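Worksheet: the structure to be examined is printed underneath.
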Amino acid sequence: MATVTTQASIAGFRPCASKSRFLTGSSPSKLNRECPIRVVPASSSGNSLKVEAKKGEWLPGLASPAYLDGSLPGDNGFDPLALAEDPKNLNWYIQAELVNSRWAMLGVVGMLLPEVLTKIGIINAPQWYDAGKAEYFASSSTLFVIEFILFHYVEIRRWQDIKNPGCVNQDPIFKQYSLPPHECGYPGSIFNPLNLAPTVEAKEKELANGRLAMLAFLGFIVQYNVTGKGPFDNLLQHLSDPWHNTIVQQILRG
């Protein structure tokens with residue numbers, strides 16, 4: 001929680017109410033809320049106040065859904081389609097976002113890093129959009145079937161853990177291997193080699209970076225379909241002539 005301490009000569013402070021009707025059809029009385037700050041005494045002198053900001057909202061002044069109370073990591077009240085109104089759906093979406101965030105972060109690094117290293121001459125790897133055309137130890141269809149089976153198995157186990165936390169902690173084949181009790185989505189052990197604690201701050205940072213990575217991944221796909229190049233090539237092209245190699249000029253070129 002952000003904290004700002006300020007000196008003031010006033011004896012008290014009253015929270016204001018927000019009566020904005022922006023993006024809602026509700027009457028002002030339904031939107032009366034305290035401003036996103038609260039003031040508490042910082043010392044016994046009577047002239048010092050400590051202003052603490054509440055958790056940020058995705059759109060200041062817009063009421064958050066009742067089922068999103070800010071207790072979840074990364075919860076800023078954003079759910080315009082009311083997808084998380086059902087608690088069972090909310091539990092699934094929490095884990096789905098977490099897993100997709102992690103895959104997106106790995107995917108963005110896997111798309112960007114080989115392109116950069118190839119460009120500067122350290123390695124010679126195909127571009128991510130040509131990786132499927134490369135020759136591997138097996139055909140593309142064979143690799144697809146293998147990946148489908150393996151991912152299907154992993155996703156079933158993950159779904160079982162969401163439905164009944166802890167039920168898949170022990171390896172079904174190698175019985176001597178098991179995970180310690182853990183929070184769903186944060187297995188730890190060999191999946192956490194740096195032994196980072198799943199604190200609220202760490203969860204917030206992971207989700208923030210994961211959401212950014214999901215947008216970046218989508219941006220890479222759209223960028224390639226528009227320009228036929230990867231993100232690093234596009235960046236170099238833009239830096240070579242910033243005033244003419246922009247998204248506006250690309251749209252105008254058709």
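Going through the structure tokens in order, the chains are called A, B, and so on, while each chain numbers its residues from 1 and the ligands are numbered from 1 in the order shown.
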Within 9 Å of Phe78 in chain A, counting only C-alpha atoms, which residues show up once you throw out same-chain ones fewer than 4 positions away? Write them as a ChimeraX atom specification, please. /A:57-59,64-65,68,82
Output file for the residues above (C-alpha atoms, as a PDB file, in the first residue's frame):
ATOM      1  CA  GLU A  57      -8.682   0.407  -9.873  1.00  0.00           C
ATOM      2  CA  TRP A  58      -8.559  -0.142 -13.621  1.00  0.00           C
ATOM      3  CA  LEU A  59     -10.755   2.940 -14.097  1.00  0.00           C
ATOM      4  CA  SER A  64     -15.873  -2.533  -9.027  1.00  0.00           C
ATOM      5  CA  PRO A  65     -18.062  -5.648  -9.104  1.00  0.00           C
ATOM      6  CA  LEU A  68     -14.021  -8.521  -6.910  1.00  0.00           C
ATOM      7  CA  ALA A  82     -18.818 -10.597 -15.626  1.00  0.00           C
TER       8      ALA A  82
END
Give me, as a list in words, all polymer residues having an atom no more than 7 Å from range 104-109 of chain A, counting only C-alpha atoms and skipping those fewer than 4 positions away in the same chain. Asn100, Leu113, Gly210, Ala213, Met214 and Phe217 of chain A
N, CA and C atoms of the current selection, written as a PDB file, in the first residue's frame:
ATOM      1  N   ASN A 100      -1.434 -19.165 -18.302  1.00  0.00           N
ATOM      2  CA  ASN A 100      -1.233 -18.484 -19.585  1.00  0.00           C
ATOM      3  C   ASN A 100      -0.216 -17.353 -19.470  1.00  0.00           C
ATOM      4  N   LEU A 113      14.466 -13.592 -28.055  1.00  0.00           N
ATOM      5  CA  LEU A 113      15.891 -13.817 -27.801  1.00  0.00           C
ATOM      6  C   LEU A 113      16.621 -14.474 -28.980  1.00  0.00           C
ATOM      7  N   GLY A 210       3.071 -11.095 -16.604  1.00  0.00           N
ATOM      8  CA  GLY A 210       2.390 -12.071 -17.446  1.00  0.00           C
ATOM      9  C   GLY A 210       1.353 -11.433 -18.346  1.00  0.00           C
ATOM     10  N   ALA A 213       3.152  -9.727 -21.054  1.00  0.00           N
ATOM     11  CA  ALA A 213       3.683 -10.703 -22.006  1.00  0.00           C
ATOM     12  C   ALA A 213       2.590 -11.217 -22.940  1.00  0.00           C
ATOM     13  N   MET A 214       1.383 -11.405 -22.431  1.00  0.00           N
ATOM     14  CA  MET A 214       0.284 -11.857 -23.293  1.00  0.00           C
ATOM     15  C   MET A 214      -0.027 -10.816 -24.360  1.00  0.00           C
ATOM     16  N   PHE A 217       2.880 -10.891 -26.869  1.00  0.00           N
ATOM     17  CA  PHE A 217       2.767 -12.046 -27.763  1.00  0.00           C
ATOM     18  C   PHE A 217       1.760 -11.754 -28.877  1.00  0.00           C
TER      19      PHE A 217
END
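Residue neighbourhood of range 240-253 of chain A, excluding near-sequence residues (fewer than 3 positions): Val226, Thr227, Asn234, Leu235, Leu236 and Gln237 of chain A, at 9 Å, using only C-alpha atoms.
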Writing out the chosen residues with N, CA, C and O atoms as a tab-separated table (two decimals), in the first residue's frame:
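Output file again.tsv follows:
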chain	number	residue	atom	x	y	z
A	226	VAL	N	1.43	-7.95	-40.40
A	226	VAL	CA	1.35	-6.65	-41.08
A	226	VAL	C	2.64	-6.34	-41.83
A	226	VAL	O	2.62	-5.88	-42.98
A	227	THR	N	3.79	-6.61	-41.18
A	227	THR	CA	5.08	-6.21	-41.76
A	227	THR	C	5.88	-7.36	-42.35
A	227	THR	O	6.80	-7.13	-43.13
A	234	ASN	N	11.67	-5.05	-36.69
A	234	ASN	CA	10.81	-3.87	-36.73
A	234	ASN	C	11.38	-2.73	-35.90
A	234	ASN	O	11.31	-1.56	-36.30
A	235	LEU	N	11.96	-3.07	-34.75
A	235	LEU	CA	12.56	-2.04	-33.90
A	235	LEU	C	13.75	-1.39	-34.59
A	235	LEU	O	13.88	-0.15	-34.60
A	236	LEU	N	14.61	-2.20	-35.20
A	236	LEU	CA	15.77	-1.65	-35.91
A	236	LEU	C	15.32	-0.78	-37.08
A	236	LEU	O	15.91	0.28	-37.35
A	237	GLN	N	14.29	-1.22	-37.78
A	237	GLN	CA	13.78	-0.44	-38.90
A	237	GLN	C	13.23	0.90	-38.43
A	237	GLN	O	13.44	1.94	-39.07
I need the residues of range 134-169 of chain A that end up classed as alpha helix (DSSP H) by DSSP on the backbone, written out as a list in words. Ser140, Ser141, Thr142, Leu143, Phe144, Val145, Ile146, Glu147, Phe148, Ile149, Leu150, Phe151, His152, Tyr153, Val154, Glu155, Ile156, Arg157, Arg158, Trp159, Gln160, Asp161, Ile162 and Lys163 of chain A
Figure out the distance between CA of Arg157 in chain A and CA of Gln95 in chain A, please, to one decimal in Å. 13.0 Å
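Nearest residue to Gly228 in chain A among A:Ile149, A:Leu196, A:Gln127, A:Asn76 is A:Gln127, counting only C-alpha atoms.
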Judged by only C-alpha atoms, the minimum distance to Pro181 in chain A among A:Asn89, A:Ser140, A:Asn169, A:Gln223 is found for A:Asn169
